[in-house]
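One file, target-v7.tsv, is given below (TSV, C-alpha atoms).
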```
chain	number	residue	atom	x	y	z
A	1	GLY	CA	100.16	96.69	107.86
A	2	LEU	CA	96.68	97.02	106.45
A	3	VAL	CA	93.66	95.57	108.17
A	4	GLY	CA	92.81	92.01	107.38
A	5	SER	CA	89.08	91.36	107.20
A	6	GLU	CA	86.30	92.73	105.06
A	7	MET	CA	84.54	94.10	108.15
A	8	CYS	CA	87.66	95.84	109.45
A	9	ILE	CA	88.35	97.52	106.11
A	10	ARG	CA	84.72	98.63	105.76
A	11	ASP	CA	84.88	99.92	109.36
A	12	ARG	CA	88.01	101.90	108.52
A	13	LEU	CA	86.28	103.32	105.47
A	14	SER	CA	83.25	104.58	107.39
A	15	CYS	CA	85.42	105.82	110.26
A	16	ASN	CA	87.61	107.90	107.94
A	17	GLN	CA	84.56	109.20	106.07
A	18	ARG	CA	83.18	110.42	109.41
A	19	ASN	CA	86.54	111.94	110.33
A	20	LEU	CA	86.63	113.83	107.04
A	21	ALA	CA	83.11	115.18	107.54
A	22	ILE	CA	84.02	116.38	111.05
A	23	ALA	CA	87.29	117.90	109.83
A	24	VAL	CA	85.48	119.83	107.07
A	25	GLU	CA	82.90	121.08	109.58
A	26	LEU	CA	85.67	122.21	111.95
A	27	ARG	CA	87.75	123.61	109.05
A	28	ASP	CA	90.67	121.63	110.48
A	29	LEU	CA	93.10	121.28	107.55
A	30	SER	CA	95.45	118.91	109.35
A	31	MET	CA	92.59	116.55	110.20
A	32	GLN	CA	91.29	116.79	106.62
A	33	LEU	CA	94.74	115.93	105.29
A	34	THR	CA	94.98	112.81	107.46
A	35	ALA	CA	91.46	111.69	106.54
A	36	HIS	CA	92.09	112.10	102.80
A	37	ILE	CA	95.37	110.14	103.04
A	38	ASN	CA	93.68	107.33	104.99
A	39	LEU	CA	90.70	107.20	102.63
A	40	GLY	CA	93.09	106.92	99.70
A	41	VAL	CA	94.82	103.96	101.35
A	42	VAL	CA	91.55	102.16	102.20
A	43	TYR	CA	90.12	102.66	98.70
A	44	GLY	CA	93.46	101.41	97.35
A	45	VAL	CA	93.11	98.17	99.32
A	46	LEU	CA	89.56	97.82	97.98
A	47	GLY	CA	90.89	98.27	94.44
A	48	ASP	CA	88.85	101.44	93.86
A	49	ASN	CA	91.55	103.42	92.07
A	50	PRO	CA	89.40	106.40	91.00
A	51	ARG	CA	88.37	107.12	94.61
A	52	ALA	CA	91.88	106.39	95.91
A	53	LEU	CA	93.25	108.94	93.43
A	54	GLU	CA	90.52	111.47	94.19
A	55	HIS	CA	91.24	111.52	97.94
A	56	THR	CA	95.00	111.35	97.52
A	57	ARG	CA	94.98	114.28	95.09
A	58	GLN	CA	92.99	116.26	97.68
A	59	ALA	CA	95.59	115.29	100.30
A	60	TYR	CA	98.37	116.40	97.96
A	61	LEU	CA	96.81	119.85	97.43
A	62	LEU	CA	96.33	120.27	101.19
A	63	ALA	CA	99.89	119.16	102.01
A	64	ARG	CA	101.29	121.64	99.48
A	65	ARG	CA	99.04	124.40	100.82
A	66	MET	CA	100.24	123.68	104.38
A	67	ASN	CA	103.93	123.50	103.33
A	68	ALA	CA	104.08	120.06	104.93
A	69	ASP	CA	107.10	118.77	103.02
A	70	ALA	CA	107.44	115.33	104.58
A	71	THR	CA	103.72	114.66	104.15
A	72	THR	CA	103.85	115.94	100.57
A	73	GLY	CA	106.53	113.31	99.91
A	74	LEU	CA	104.36	110.58	101.43
A	75	VAL	CA	101.33	111.65	99.37
A	76	ALA	CA	103.40	111.92	96.17
A	77	ASN	CA	104.52	108.34	96.87
A	78	ASN	CA	100.92	107.17	97.28
A	79	LEU	CA	99.85	108.98	94.11
A	80	ALA	CA	102.66	107.33	92.15
A	81	GLY	CA	101.45	103.91	93.33
A	82	TYR	CA	97.84	104.51	92.29
A	83	LEU	CA	98.90	106.04	88.95
A	84	LEU	CA	101.00	102.95	88.19
A	85	GLU	CA	97.75	100.97	88.36
A	86	THR	CA	96.13	103.21	85.75
A	87	ALA	CA	99.11	103.18	83.33
A	88	ALA	CA	99.39	106.98	83.59
A	89	TRP	CA	103.15	106.81	82.96
A	90	PRO	CA	104.12	110.53	82.75
A	91	ASP	CA	102.16	111.41	85.90
A	92	ALA	CA	103.47	108.36	87.76
A	93	ARG	CA	107.04	109.27	86.77
A	94	ALA	CA	106.60	112.87	87.93
A	95	PHE	CA	105.25	111.85	91.34
A	96	LEU	CA	107.93	109.16	91.73
A	97	ASP	CA	110.61	111.79	91.11
A	98	GLU	CA	108.98	114.17	93.58
A	99	ALA	CA	108.60	111.46	96.22
A	100	LEU	CA	112.21	110.29	95.85
A	101	ALA	CA	113.56	113.84	96.12
A	102	THR	CA	111.28	115.01	98.94
A	103	LEU	CA	111.55	111.89	101.10
A	104	THR	CA	115.33	111.85	100.73
A	105	ARG	CA	115.53	115.54	101.70
A	106	THR	CA	113.18	115.18	104.70
A	107	GLY	CA	114.71	111.90	105.90
A	108	LYS	CA	111.46	109.88	105.72
A	109	ARG	CA	113.31	106.69	104.85
A	110	TYR	CA	110.53	104.32	105.93
A	111	VAL	CA	108.31	105.71	103.12
A	112	LEU	CA	111.26	105.72	100.71
A	113	VAL	CA	111.28	101.90	100.79
A	114	GLU	CA	107.82	101.84	99.23
A	115	THR	CA	108.80	104.51	96.70
A	116	LEU	CA	111.71	102.33	95.59
A	117	VAL	CA	109.32	99.38	95.22
A	118	PHE	CA	107.09	101.56	93.02
A	119	GLU	CA	110.20	102.62	91.11
A	120	ALA	CA	111.00	98.94	90.50
A	121	ARG	CA	107.48	98.25	89.28
A	122	TYR	CA	107.58	101.33	87.04
A	123	HIS	CA	110.77	100.10	85.35
A	124	ALA	CA	109.36	96.57	85.07
A	125	LEU	CA	106.29	97.92	83.29
A	126	ALA	CA	108.58	99.97	81.02
A	127	GLY	CA	110.57	96.82	80.20
A	128	ASP	CA	113.83	97.96	81.85
A	129	GLN	CA	114.80	94.85	83.80
A	130	VAL	CA	118.17	96.18	84.96
A	131	ALA	CA	116.72	99.39	86.43
A	132	ALA	CA	113.84	97.43	87.99
A	133	LEU	CA	116.21	94.99	89.72
A	134	GLY	CA	118.39	97.87	90.93
A	135	ALA	CA	115.46	99.72	92.51
A	136	ALA	CA	114.09	96.55	94.14
A	137	GLU	CA	117.52	95.70	95.58
A	138	ARG	CA	117.81	99.24	97.00
A	139	ALA	CA	114.33	98.87	98.53
A	140	LEU	CA	115.29	95.56	100.14
A	141	GLY	CA	118.58	96.93	101.46
A	142	LEU	CA	116.88	99.94	103.03
A	143	ALA	CA	114.05	97.87	104.51
A	144	ARG	CA	116.57	95.52	106.13
A	145	GLU	CA	118.62	98.46	107.40
A	146	LEU	CA	115.49	99.90	109.02
A	147	GLY	CA	114.41	96.51	110.37
A	148	HIS	CA	111.07	96.54	108.53
A	149	VAL	CA	110.06	92.92	107.98
A	150	LEU	CA	106.89	93.71	105.99
A	151	ASP	CA	108.62	96.12	103.58
A	152	ALA	CA	111.53	93.71	103.18
A	153	GLY	CA	109.09	90.93	102.32
A	154	ILE	CA	107.36	93.05	99.69
A	155	ALA	CA	110.72	93.99	98.15
A	156	ARG	CA	111.74	90.32	98.10
A	157	ARG	CA	108.47	89.43	96.37
A	158	ILE	CA	109.13	92.06	93.70
A	159	LEU	CA	112.71	90.81	93.24
A	160	ALA	CA	111.55	87.21	92.92
A	161	GLN	CA	109.00	88.12	90.25
A	162	LEU	CA	111.59	90.14	88.34
A	163	ARG	CA	113.99	87.20	88.40
A	164	ALA	CA	111.20	84.90	87.25
A	165	LEU	CA	110.87	86.97	84.08
A	166	ALA	CA	114.39	85.91	83.11
A	167	ALA	CA	114.36	82.39	84.61
A	168	PRO	CA	110.73	81.18	84.86
A	169	THR	CA	111.60	77.60	85.77
A	170	ASP	CA	114.22	78.33	88.46
A	171	PRO	CA	112.97	76.46	91.59
A	172	ALA	CA	114.80	78.93	93.86
A	173	ILE	CA	112.25	81.63	92.93
A	174	ALA	CA	109.23	79.69	94.20
A	175	ALA	CA	111.22	78.70	97.31
A	176	GLU	CA	111.95	82.38	98.01
A	177	LEU	CA	108.29	83.31	97.61
A	178	ARG	CA	107.29	80.56	100.06
A	179	VAL	CA	109.63	82.07	102.66
A	180	VAL	CA	108.16	85.53	102.01
A	181	LEU	CA	104.65	84.10	102.35
A	182	ALA	CA	105.48	82.59	105.76
A	183	GLU	CA	106.93	85.90	106.98
A	184	LEU	CA	104.12	88.15	105.67
A	185	GLY	CA	101.28	85.88	106.81
A	186	PRO	CA	100.89	87.29	110.33
A	187	LEU	CA	101.69	90.88	109.26
A	188	ASP	CA	99.42	91.93	106.42
A	189	PRO	CA	96.63	89.85	104.83
A	190	PHE	CA	96.50	92.05	101.71
A	191	GLU	CA	100.22	91.66	100.95
A	192	THR	CA	99.94	87.98	101.85
A	193	ALA	CA	97.23	87.58	99.21
A	194	ARG	CA	99.41	89.37	96.67
A	195	THR	CA	102.23	86.96	97.53
A	196	HIS	CA	99.92	83.95	97.05
A	197	ALA	CA	99.04	85.41	93.64
A	198	ALA	CA	102.70	85.94	92.72
A	199	LEU	CA	103.60	82.41	93.81
A	200	ALA	CA	100.68	80.99	91.80
A	201	ARG	CA	101.88	82.76	88.65
A	202	VAL	CA	105.49	81.60	89.15
A	203	LEU	CA	104.43	77.99	89.84
A	204	ARG	CA	102.15	77.92	86.79
A	205	GLU	CA	104.96	79.17	84.53
A	206	ALA	CA	107.19	76.42	85.94
A	207	GLY	CA	104.53	73.79	85.18
A	208	HIS	CA	103.39	73.12	88.76
A	209	ASP	CA	99.69	73.56	88.04
A	210	VAL	CA	98.20	71.84	91.10
A	211	ASP	CA	100.32	73.79	93.58
A	212	ALA	CA	99.69	76.97	91.59
A	213	ALA	CA	95.93	76.42	91.79
A	214	THR	CA	96.06	76.20	95.60
A	215	HIS	CA	97.85	79.54	95.95
A	216	ARG	CA	95.65	81.15	93.30
A	217	SER	CA	92.60	80.02	95.28
A	218	HIS	CA	93.91	81.70	98.48
A	219	ALA	CA	94.56	84.96	96.63
A	220	ARG	CA	91.26	84.89	94.74
A	221	ALA	CA	89.24	84.28	97.93
A	222	PHE	CA	90.78	87.32	99.61
A	223	PHE	CA	90.37	89.64	96.62
A	224	LEU	CA	86.80	88.47	96.01
A	225	GLY	CA	86.01	89.07	99.68
A	226	HIS	CA	87.18	92.66	99.29
A	227	ASP	CA	85.58	93.26	95.87
A	228	ASN	CA	89.04	94.06	94.55
A	229	ALA	CA	88.50	93.89	90.78
A	230	ARG	CA	91.95	95.38	90.13
A	231	GLU	CA	93.84	92.51	91.80
A	232	LEU	CA	91.45	89.88	90.39
A	233	ALA	CA	91.99	91.20	86.86
A	234	GLN	CA	95.75	90.66	87.17
A	235	LEU	CA	95.62	87.34	88.98
A	236	ASP	CA	96.40	85.30	85.87
A	237	GLU	CA	98.35	87.86	83.84
A	238	ARG	CA	101.72	86.58	82.69
A	239	GLY	CA	104.73	88.69	83.56
A	240	VAL	CA	102.94	90.75	86.21
A	241	VAL	CA	105.22	92.24	88.87
A	242	ARG	CA	103.35	93.49	91.93
```
Could you write out this structure as structure tokens?
Amino acid sequence: GLVGSEMCIRDRLSCNQRNLAIAVELRDLSMQLTAHINLGVVYGVLGDNPRALEHTRQAYLLARRMNADATTGLVANNLAGYLLETAAWPDARAFLDEALATLTRTGKRYVLVETLVFEARYHALAGDQVAALGAAERALGLARELGHVLDAGIARRILAQLRALAAPTDPAIAAELRVVLAELGPLDPFETARTHAALARVLREAGHDVDAATHRSHARAFFLGHDNARELAQLDERGVVR
């Protein structure tokens, strides 16, 4: 899971910036690769997509140069996720395809769960509900098979939001998101905030404005605390699946 407080995330940012500077000085490609991947992830949590993409593209070039297939699959996965945020559909599709193929070939199934979640979100954005549900169900099945509670929770959140598109007033959807919220709470504050946001949107669509406002407030406080303009911009967007 990702770190939970503003200070911790800022600490991780400065730590990885130092690691990158040292790695460049030592000409240590493996260390540079790790630092670029980590910087991409931290900037992603902070909602700084341009910097997340910049570092992750550097990581991708290094992984390819080093013939590090499994890491190339991981980085292609990360790139696909950041590109989904920028609506760069052809690029996102290309990296999703590469990640799915490479991770399947190298057996990195724990990363494949996230790729399938991105696949579900890609199809949701493209308006293909059937393909989106199929990818999210595959992600959930694999996460459960691997025993990954956090990844399973994220997949369940995606599934719930997809189902809400077809049945916005179904009380079972909000109930499912409350269960996910309870499970993710101790594991990952960032994904917990995203789940609060998802629950707020679902509750508002179902006409439960007071309850929705409480969950929106939790999500907004976290995203404001991390200067995450990307998540804040989508907090009240109807039909968002994330």
Could you work out how far atom CA of A:Cys15 lies from atom CA of A:Arg27, giving the answer in Å with one decimal?
->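 Pair atom CA of A:Arg27 / atom CA of A:Cys15 returns 18.0 Å.
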Find, counting all atoms listed in the file, the residue in A:Ala52, A:Ala94, A:Leu112, A:Val149 that gets nearest to A:Leu74.
-> A:Leu112
Compare A:Cys8, A:Ala172, A:Val117, A:Leu103 by their minimum atom-to-atom distance to A:Leu84, counting all atoms listed in the file, and give me the closest one.
-> A:Val117
Of the candidates A:Ala124, A:Val75, A:Leu199, A:Ala135, which one gets nearest to A:Ala63 if we count all atoms listed in the file?
->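 Of the candidates, the smallest distance to A:Ala63 is held by A:Val75.
Applying the 10 Å criterion to (112.5, 111.6, 101.1) in file coordinates and using only C-alpha atoms, one obtains the residues Asp69, Ala70, Thr71, Thr72, Gly73, Leu74, Asn77, Glu98, Ala99, Leu100, Ala101, Thr102, Leu103, Thr104, Arg105, Thr106, Gly107, Lys108, Arg109, Tyr110, Val111, Leu112, Val113 and Thr115 of chain A.
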Residue with smallest distance to A:Ala136 - pool A:Val202, A:Leu181, A:Leu150, A:Ile158, counting only C-alpha atoms = A:Ile158
What is the distance, in Å and to one decimal place, between atom CA of A:Leu20 and atom CA of A:Gln32?
->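 Atom-to-atom, atom CA of A:Leu20 to atom CA of A:Gln32, that is 5.5 Å.
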Write out as a list in words each polymer residue whose atoms come within 10 Å of A:Ala197, counting all atoms listed in the file; drop sequence neighbours fewer than 5 positions from it.
->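 The residues satisfying every condition are Glu191, Thr192, Val202, Leu203, Ala212, Ala213, Thr214, His215, Arg216, Ser217, His218, Ala219, Arg220, Glu231, Leu232, Gln234, Leu235, Asp236, Val240 and Arg242 of chain A.
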Find the distance between atom CA of A:Ala76 and atom CA of A:Ala139 and write it in Å to one decimal.
->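 About the pair atom CA of A:Ala76 and atom CA of A:Ala139: they are 17.2 Å apart.
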From the list A:Ala21, A:Ala131, A:Ala166, A:Ala193, which residue is nearest A:Ala221 when using only C-alpha atoms?
->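 Going through A:Ala21, A:Ala131, A:Ala166, A:Ala193 one by one, the smallest distance to A:Ala221 is for A:Ala193.
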Residue among A:Asp227, A:Asp211, A:Asp28, A:Asp188 lying closest to A:Asp48, counting all atoms listed in the file | A:Asp227
Report, as AutoDock Vina command-line options, the axis-aligned box around all atoms of stretch 97-115 of chain A present in the file, extended by 5 Å on each side; give centre and edge lengths in Å to one decimal place.
```
--center_x 111.7 --center_y 108.7 --center_z 98.5 --size_x 17.7 --size_y 23.7 --size_z 24.8
```
Find the residues near A:Phe190: any atom within 12 Å, counting all atoms listed in the file, skip ones fewer than 2 places away on the same chain, and give them as a VMD selection string.
-> chain A and resid 1 to 6 9 42 44 to 47 150 154 181 184 to 188 192 to 197 218 to 226 228 231
If we count only C-alpha atoms, what is near A:Ala175 at a cut-off of 12 Å, once residues fewer than 4 positions away on the same chain are taken out, given as a list in words?
->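 Once the nearby chain positions are removed, what remains is Arg156, Arg157, Ala160, Gln161, Ala164, Thr169, Asp170, Pro171, Val179, Val180, Leu181, Ala182, Leu199, Val202 and Leu203 of chain A.
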